[in-house]
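S.K.: My structure is in start31.txt, and what it holds is compact mmCIF, C-alpha atoms and all ligand atoms:
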```
# COMPACT_ATOMS: atom_id res chain seq x y z
CA MET A 218 168.03 101.41 158.95
CA LYS A 219 168.14 98.85 156.16
CA GLN A 220 165.25 96.37 155.96
CA VAL A 221 166.77 93.00 155.11
CA GLY A 222 164.58 89.98 154.46
CA VAL A 223 165.96 86.50 155.14
CA LEU A 224 164.36 83.74 153.10
CA ALA A 225 162.82 81.51 155.76
CA LEU A 226 161.47 78.50 153.87
CA GLN A 227 164.09 76.13 155.28
CA GLY A 228 167.59 76.27 156.76
CA ALA A 229 169.67 78.58 158.94
CA PHE A 230 167.68 81.82 158.73
CA ARG A 231 167.41 82.80 162.43
CA GLU A 232 171.18 83.16 162.82
CA HIS A 233 171.29 85.55 159.86
CA ILE A 234 168.60 87.72 161.44
CA GLN A 235 170.68 87.97 164.63
CA MET A 236 173.77 88.95 162.62
CA LEU A 237 171.80 91.63 160.78
CA GLU A 238 170.53 93.12 164.04
CA LEU A 239 174.09 93.16 165.41
CA CYS A 240 175.09 95.12 162.28
CA GLY A 241 172.37 97.68 162.95
CA ALA A 242 170.06 96.52 160.14
CA ARG A 243 166.54 95.24 160.61
CA GLY A 244 166.23 91.53 159.72
CA PHE A 245 162.92 89.76 159.17
CA GLU A 246 161.68 86.43 157.82
CA VAL A 247 160.41 86.16 154.25
CA ARG A 248 157.94 83.48 153.20
CA LYS A 249 155.38 85.50 151.26
CA LEU A 250 155.25 87.99 148.44
CA GLN A 251 154.12 90.82 150.76
CA GLU A 252 157.19 90.22 152.93
CA LEU A 253 159.43 90.10 149.86
CA LYS A 254 158.11 93.49 148.76
CA ARG A 255 159.39 95.07 152.00
CA CYS A 256 162.97 93.95 151.34
CA GLU A 257 165.65 96.52 150.59
CA ALA A 258 168.09 93.62 150.52
CA MET A 259 167.84 89.89 151.01
CA ILE A 260 169.73 86.87 152.34
CA ILE A 261 169.31 83.31 151.02
CA PRO A 262 170.57 81.11 153.86
CA GLY A 263 172.21 77.69 154.03
CA GLY A 264 170.09 74.57 154.19
CA GLU A 265 169.24 72.12 151.44
CA SER A 266 169.31 73.85 148.07
CA THR A 267 166.99 71.33 146.36
CA THR A 268 164.37 71.79 149.11
CA ILE A 269 164.69 75.59 149.18
CA GLY A 270 164.49 75.70 145.37
CA ARG A 271 161.38 73.52 145.29
CA LEU A 272 159.73 75.67 147.98
CA LEU A 273 160.66 78.87 146.11
CA VAL A 274 158.66 77.55 143.16
CA GLU A 275 155.80 76.31 145.35
CA PHE A 276 155.51 79.59 147.27
CA GLU A 277 155.73 81.54 143.98
CA LEU A 278 158.77 83.49 145.11
CA LEU A 279 161.34 82.39 142.53
CA ASP A 280 160.43 84.75 139.68
CA PRO A 281 159.63 87.73 141.95
CA ILE A 282 163.06 87.44 143.64
CA CYS A 283 164.79 87.24 140.24
CA ASN A 284 162.90 90.30 139.04
CA LEU A 285 163.76 92.33 142.15
CA ALA A 286 167.42 91.30 141.85
CA ARG A 287 167.48 92.44 138.21
CA GLU A 288 166.04 95.78 139.39
CA GLY A 289 168.99 96.06 141.78
CA MET A 290 167.97 94.39 145.05
CA PRO A 291 171.15 93.18 146.79
CA ILE A 292 171.29 89.48 147.72
CA LEU A 293 173.72 87.55 149.91
CA GLY A 294 173.60 83.76 149.47
CA THR A 295 175.41 81.47 151.89
CA CYS A 296 176.11 77.78 151.23
CA ALA A 297 172.80 76.49 149.77
CA GLY A 298 172.21 80.19 148.97
CA MET A 299 175.42 80.19 146.90
CA VAL A 300 174.07 77.15 145.01
CA LEU A 301 170.72 78.86 144.37
CA LEU A 302 172.35 82.05 143.07
CA ALA A 303 174.45 80.15 140.52
CA GLU A 304 173.54 80.10 136.85
CA ASN A 305 174.97 76.57 136.47
CA ILE A 306 174.71 73.79 139.09
CA ILE A 307 176.99 71.01 137.90
CA GLY A 308 175.06 67.79 137.21
CA SER A 309 171.71 69.14 138.44
CA ASP A 310 168.61 70.68 136.91
CA GLN A 311 167.11 71.67 140.29
CA PRO A 312 165.21 75.00 140.47
CA ARG A 313 167.46 78.02 141.10
CA LEU A 314 167.58 81.80 140.95
CA GLY A 315 170.48 81.52 138.48
CA LEU A 316 171.55 85.15 138.82
CA MET A 317 175.36 84.82 139.03
CA ARG A 318 177.64 83.88 136.13
CA VAL A 319 179.22 80.98 138.00
CA SER A 320 179.26 77.18 137.94
CA VAL A 321 178.80 75.61 141.36
CA LEU A 322 179.60 72.10 142.54
CA ARG A 323 177.47 70.92 145.45
CA ASN A 324 178.86 68.99 148.44
CA ALA A 325 182.17 69.68 146.81
CA PHE A 326 184.62 69.01 149.61
CA GLY A 327 183.68 65.32 149.80
CA ARG A 328 181.73 63.15 152.20
CA GLN A 329 184.66 62.39 154.48
CA VAL A 330 184.91 66.06 155.39
CA ASP A 331 181.25 66.78 156.01
CA SER A 332 182.00 69.89 157.99
CA PHE A 333 185.15 71.74 158.99
CA GLU A 334 186.46 75.13 159.98
CA ALA A 335 189.19 76.99 158.17
CA ARG A 336 190.84 80.38 158.47
CA LEU A 337 190.15 82.16 155.22
CA ASP A 338 192.11 84.91 153.60
CA ILE A 339 189.48 87.35 152.26
CA PRO A 340 191.28 90.52 151.11
CA VAL A 341 188.10 92.66 150.87
CA LEU A 342 187.49 92.05 154.61
CA GLY A 343 190.95 93.16 155.69
CA PRO A 344 194.11 91.33 156.77
CA GLU A 345 192.61 89.32 159.67
CA PRO A 346 191.61 85.76 158.53
CA PHE A 347 187.88 85.01 158.56
CA PRO A 348 186.65 81.92 160.45
CA GLY A 349 185.06 79.87 157.66
CA VAL A 350 182.51 77.28 158.83
CA PHE A 351 181.92 74.78 156.02
CA ILE A 352 178.98 72.32 156.20
CA ARG A 353 178.59 70.02 153.17
CA ALA A 354 179.76 73.08 151.34
CA PRO A 355 179.81 73.85 147.64
CA TYR A 356 182.58 75.63 145.78
CA LEU A 357 182.64 77.49 142.48
CA GLU A 358 184.28 75.63 139.61
CA GLU A 359 184.02 78.58 137.28
CA VAL A 360 183.52 82.33 137.73
CA GLN A 361 182.88 84.44 134.65
CA PRO A 362 182.71 88.23 134.38
CA PRO A 363 180.93 90.22 135.63
CA ALA A 364 181.19 87.77 138.57
CA GLU A 365 184.54 87.85 140.38
CA ALA A 366 186.17 85.59 142.95
CA LEU A 367 186.77 87.18 146.37
CA ALA A 368 188.31 84.23 148.23
CA THR A 369 189.74 80.79 147.59
CA PHE A 370 190.40 77.85 149.87
CA MET A 371 192.52 74.86 148.78
CA GLY A 372 192.57 76.46 145.32
CA LYS A 373 188.76 76.55 145.09
CA VAL A 374 186.62 79.68 144.93
CA VAL A 375 184.55 79.97 148.12
CA MET A 376 183.34 83.57 147.89
CA ALA A 377 182.26 85.62 144.89
CA ARG A 378 180.56 88.86 143.96
CA GLN A 379 178.68 90.13 140.97
CA GLY A 380 177.51 93.73 141.37
CA ARG A 381 175.03 93.68 144.26
CA LEU A 382 175.11 89.88 144.56
CA LEU A 383 177.45 88.19 147.03
CA SER A 384 177.86 84.49 147.69
CA ALA A 385 179.82 82.47 150.22
CA ALA A 386 180.30 78.69 150.41
CA PHE A 387 180.65 78.92 154.19
CA HIS A 388 178.38 80.07 157.05
CA PRO A 389 179.35 83.53 158.37
CA GLU A 390 176.13 83.55 160.44
CA LEU A 391 177.50 80.72 162.60
CA THR A 392 180.43 82.81 163.82
CA SER A 393 180.67 86.00 165.86
CA ASP A 394 182.54 87.76 163.05
CA LEU A 395 180.28 90.37 161.45
CA ARG A 396 182.56 91.31 158.58
CA VAL A 397 180.82 89.39 155.77
CA HIS A 398 177.42 90.83 156.74
CA ARG A 399 178.92 94.32 157.12
CA TYR A 400 180.64 94.05 153.74
CA PHE A 401 177.32 93.00 152.21
CA LEU A 402 175.35 95.83 153.84
CA GLU A 403 177.91 98.60 153.48
CA THR A 404 179.74 97.86 150.23
CA VAL A 405 177.89 95.32 148.05
CA ALA A 406 174.39 96.67 148.69
CA GLY A 407 175.42 100.22 147.83
CA ALA A 408 177.32 99.35 144.65
CA ASP A 409 176.49 100.96 141.32
CA VAL A 410 175.19 98.40 138.86
N1 LIG B 501 175.00 70.82 150.34
C1 LIG B 501 173.85 71.64 150.53
C2 LIG B 501 173.14 71.89 149.22
O1 LIG B 501 173.67 71.82 148.16
C3 LIG B 501 174.22 72.96 151.15
C4 LIG B 501 174.64 72.74 152.57
C5 LIG B 501 174.46 73.92 153.45
O2 LIG B 501 173.78 74.89 153.10
N2 LIG B 501 174.99 73.84 154.64
O3 LIG B 501 171.99 72.18 149.28
```
Could you show the structure in this file as structure tokens?

M.R.:
Amino acid sequence: MKQVGVLALQGAFREHIQMLELCGARGFEVRKLQELKRCEAMIIPGGESTTIGRLLVEFELLDPICNLAREGMPILGTCAGMVLLAENIIGSDQPRLGLMRVSVLRNAFGRQVDSFEARLDIPVLGPEPFPGVFIRAPYLEEVQPPAEALATFMGKVVMARQGRLLSAAFHPELTSDLRVHRYFLETVAGADV
């Protein structure tokens, strides 16, 4: 059974742990280096990316996570997690993991539409639309190889993959649809890099 750590400094980490358990993986909270070392894969949840980034530095987890990712540890980042995985955060110099060759725009869908739900066409998950829950969501302005777009909404990239890294602008952990987590555990995490 895969041991999957969920970064638990701030944000929606409990819901991810439940999703992991429903997928047959073992999910646990990560706040310390010892916990990080037990991870076979990791999830960076939604929340506030500036806060999570600052805490990653403060808890001395930023560089160790980057190093593990470069050694092949799979990471799924959702919402704020997508922001933290991006190499470029438009208009911001906030701390980040910066592992994916993408440019991200924060709070990109505008203030008027703080949160919304949309049926997303995500070909890698099959023909059935995925219920996308967007909360002050980012989108990707630019995706450069080896990163690739997996889904768009209103012409904007809302899901991307780069080897064993996967990011989503929406919150799959707030639905009962396990397909994003399954895709991460079964396909992305096992990919050759
Ligand atoms: N807008 C937030 C940020 O950039 C992300 C929101 C979320 O994770 N729900 O940090």

S.K.: Which residues come within 9 Å of range 262-276 of chain A, counting all atoms listed in the file, excluding same-chain residues fewer than 2 positions away, as a PyMOL selection string?

M.R.: chain A and resi 223-230+233+248-250+260+278-280+293-301+311-314+352+386-388+390

S.K.: So, counting only C-alpha atoms and all ligand atoms, which residue among A:Pro389, A:Gly380, A:Pro355, A:Gly372 is closest to ligand LIG 501 (chain B)?

M.R.: A:Pro355

S.K.: Work out how far apart CA of Arg336 in chain A and CA of Tyr400 in chain A are and give it in Å to one decimal.

M.R.: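 Pair CA of Arg336 in chain A / CA of Tyr400 in chain A returns 17.7 Å.
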
S.K.: Do you have the CA of Glu238 in chain A-CA of Ile339 in chain A distance handy?

M.R.: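 Calculated distance between CA of Glu238 in chain A and CA of Ile339 in chain A is 23.0 Å.
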
S.K.: From the list A:Gln251, A:Ser384, A:Gln379, A:Thr392, which residue is nearest Val410 in chain A when using all atoms listed in the file?

M.R.: A:Gln379

S.K.: Closest to Arg255 in chain A among A:Met376, A:Val221, A:Ile282, A:Ile307, using only C-alpha atoms?

M.R.: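 Using only C-alpha atoms, Arg255 in chain A sits closest to A:Val221.
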
S.K.: Which of these residues is nearest to ligand LIG 501 (chain B), using only C-alpha atoms and all ligand atoms: A:Asn284, A:Gln220, A:Ser332, A:Ser320?

M.R.: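 That would be A:Ser332, the residue with the smallest distance to ligand LIG 501 (chain B).
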
S.K.: Hey, which of A:Gly244, A:Gly349, A:Pro281, A:Pro344 ends up closest to Ser393 in chain A? Count all atoms listed in the file.

M.R.: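 Under the stated criterion, the closest residue is A:Gly349.
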
S.K.: Between CA of Asn305 in chain A and CA of Ile234 in chain A, measure the distance and give it in Å to one decimal.

M.R.: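 For CA of Asn305 in chain A relative to CA of Ile234 in chain A, the distance reads 28.1 Å.
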
S.K.: Tell me which of A:Pro348, A:Gly308, A:Gly327, A:Gly407 sits closest to Ile292 in chain A, counting all atoms listed in the file.

M.R.: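 Among the listed residues, A:Gly407 lies closest to Ile292 in chain A.
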
S.K.: Fix up range 303-328 of chain A with N, CA, C and O atoms, then write it as a compact mmCIF listing (two decimals), in the coordinates of the input.

M.R.:
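Saved the output as rebuild08.txt:
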```
# COMPACT_ATOMS: atom_id res chain seq x y z
N ALA A 303 173.62 80.51 141.68
CA ALA A 303 174.45 80.15 140.52
C ALA A 303 173.62 79.90 139.27
O ALA A 303 172.55 79.30 139.33
N GLU A 304 174.17 80.36 138.14
CA GLU A 304 173.54 80.10 136.85
C GLU A 304 173.61 78.60 136.53
O GLU A 304 172.64 77.99 136.12
N ASN A 305 174.78 77.99 136.78
CA ASN A 305 174.97 76.57 136.47
C ASN A 305 175.26 75.77 137.74
O ASN A 305 176.17 76.11 138.49
N ILE A 306 174.46 74.71 137.97
CA ILE A 306 174.71 73.79 139.09
C ILE A 306 175.15 72.48 138.44
O ILE A 306 174.35 71.84 137.74
N ILE A 307 176.40 72.13 138.66
CA ILE A 307 176.99 71.01 137.90
C ILE A 307 176.22 69.71 138.17
O ILE A 307 176.04 69.30 139.33
N GLY A 308 175.74 69.09 137.12
CA GLY A 308 175.06 67.79 137.21
C GLY A 308 173.66 67.86 137.79
O GLY A 308 173.11 66.83 138.18
N SER A 309 173.05 69.04 137.84
CA SER A 309 171.71 69.14 138.44
C SER A 309 170.82 70.10 137.66
O SER A 309 171.29 71.14 137.19
N ASP A 310 169.54 69.74 137.54
CA ASP A 310 168.61 70.68 136.91
C ASP A 310 167.60 71.21 137.92
O ASP A 310 166.51 71.63 137.59
N GLN A 311 167.98 71.17 139.21
CA GLN A 311 167.11 71.67 140.29
C GLN A 311 166.75 73.14 140.08
O GLN A 311 167.52 73.88 139.46
N PRO A 312 165.59 73.58 140.60
CA PRO A 312 165.21 75.00 140.47
C PRO A 312 166.25 75.90 141.14
O PRO A 312 166.85 75.52 142.14
N ARG A 313 166.44 77.09 140.58
CA ARG A 313 167.46 78.02 141.10
C ARG A 313 167.09 79.44 140.70
O ARG A 313 166.31 79.66 139.79
N LEU A 314 167.73 80.41 141.35
CA LEU A 314 167.58 81.80 140.95
C LEU A 314 168.44 82.06 139.71
O LEU A 314 168.04 82.80 138.82
N GLY A 315 169.63 81.46 139.68
CA GLY A 315 170.48 81.52 138.48
C GLY A 315 170.95 82.91 138.11
O GLY A 315 171.06 83.24 136.93
N LEU A 316 171.24 83.75 139.10
CA LEU A 316 171.55 85.15 138.82
C LEU A 316 173.04 85.44 138.64
O LEU A 316 173.41 86.48 138.09
N MET A 317 173.92 84.53 139.11
CA MET A 317 175.36 84.82 139.03
C MET A 317 176.03 83.96 137.96
O MET A 317 175.72 82.77 137.84
N ARG A 318 176.97 84.56 137.24
CA ARG A 318 177.64 83.88 136.13
C ARG A 318 178.73 82.94 136.66
O ARG A 318 179.91 83.14 136.45
N VAL A 319 178.28 81.93 137.41
CA VAL A 319 179.22 80.98 138.00
C VAL A 319 178.68 79.56 137.85
O VAL A 319 177.48 79.37 137.67
N SER A 320 179.62 78.60 137.90
CA SER A 320 179.26 77.18 137.94
C SER A 320 179.58 76.68 139.34
O SER A 320 180.70 76.85 139.82
N VAL A 321 178.61 76.05 139.97
CA VAL A 321 178.80 75.61 141.36
C VAL A 321 178.77 74.08 141.43
O VAL A 321 178.02 73.43 140.71
N LEU A 322 179.62 73.54 142.28
CA LEU A 322 179.60 72.10 142.54
C LEU A 322 179.10 71.90 143.97
O LEU A 322 179.68 72.45 144.91
N ARG A 323 178.05 71.13 144.13
CA ARG A 323 177.47 70.92 145.45
C ARG A 323 178.28 69.88 146.23
O ARG A 323 178.90 69.00 145.65
N ASN A 324 178.19 69.95 147.55
CA ASN A 324 178.86 68.99 148.44
C ASN A 324 180.28 68.71 147.95
O ASN A 324 180.72 67.58 147.88
N ALA A 325 180.98 69.80 147.63
CA ALA A 325 182.17 69.68 146.81
C ALA A 325 183.42 69.24 147.56
O ALA A 325 184.38 68.81 146.94
N PHE A 326 183.41 69.37 148.87
CA PHE A 326 184.62 69.01 149.61
C PHE A 326 184.64 67.54 150.02
O PHE A 326 185.52 67.11 150.75
N GLY A 327 183.66 66.77 149.57
CA GLY A 327 183.68 65.32 149.80
C GLY A 327 182.94 64.91 151.05
O GLY A 327 182.76 65.70 151.97
N ARG A 328 182.51 63.66 151.08
CA ARG A 328 181.73 63.15 152.20
C ARG A 328 182.53 62.99 153.48
O ARG A 328 182.04 63.17 154.58
```
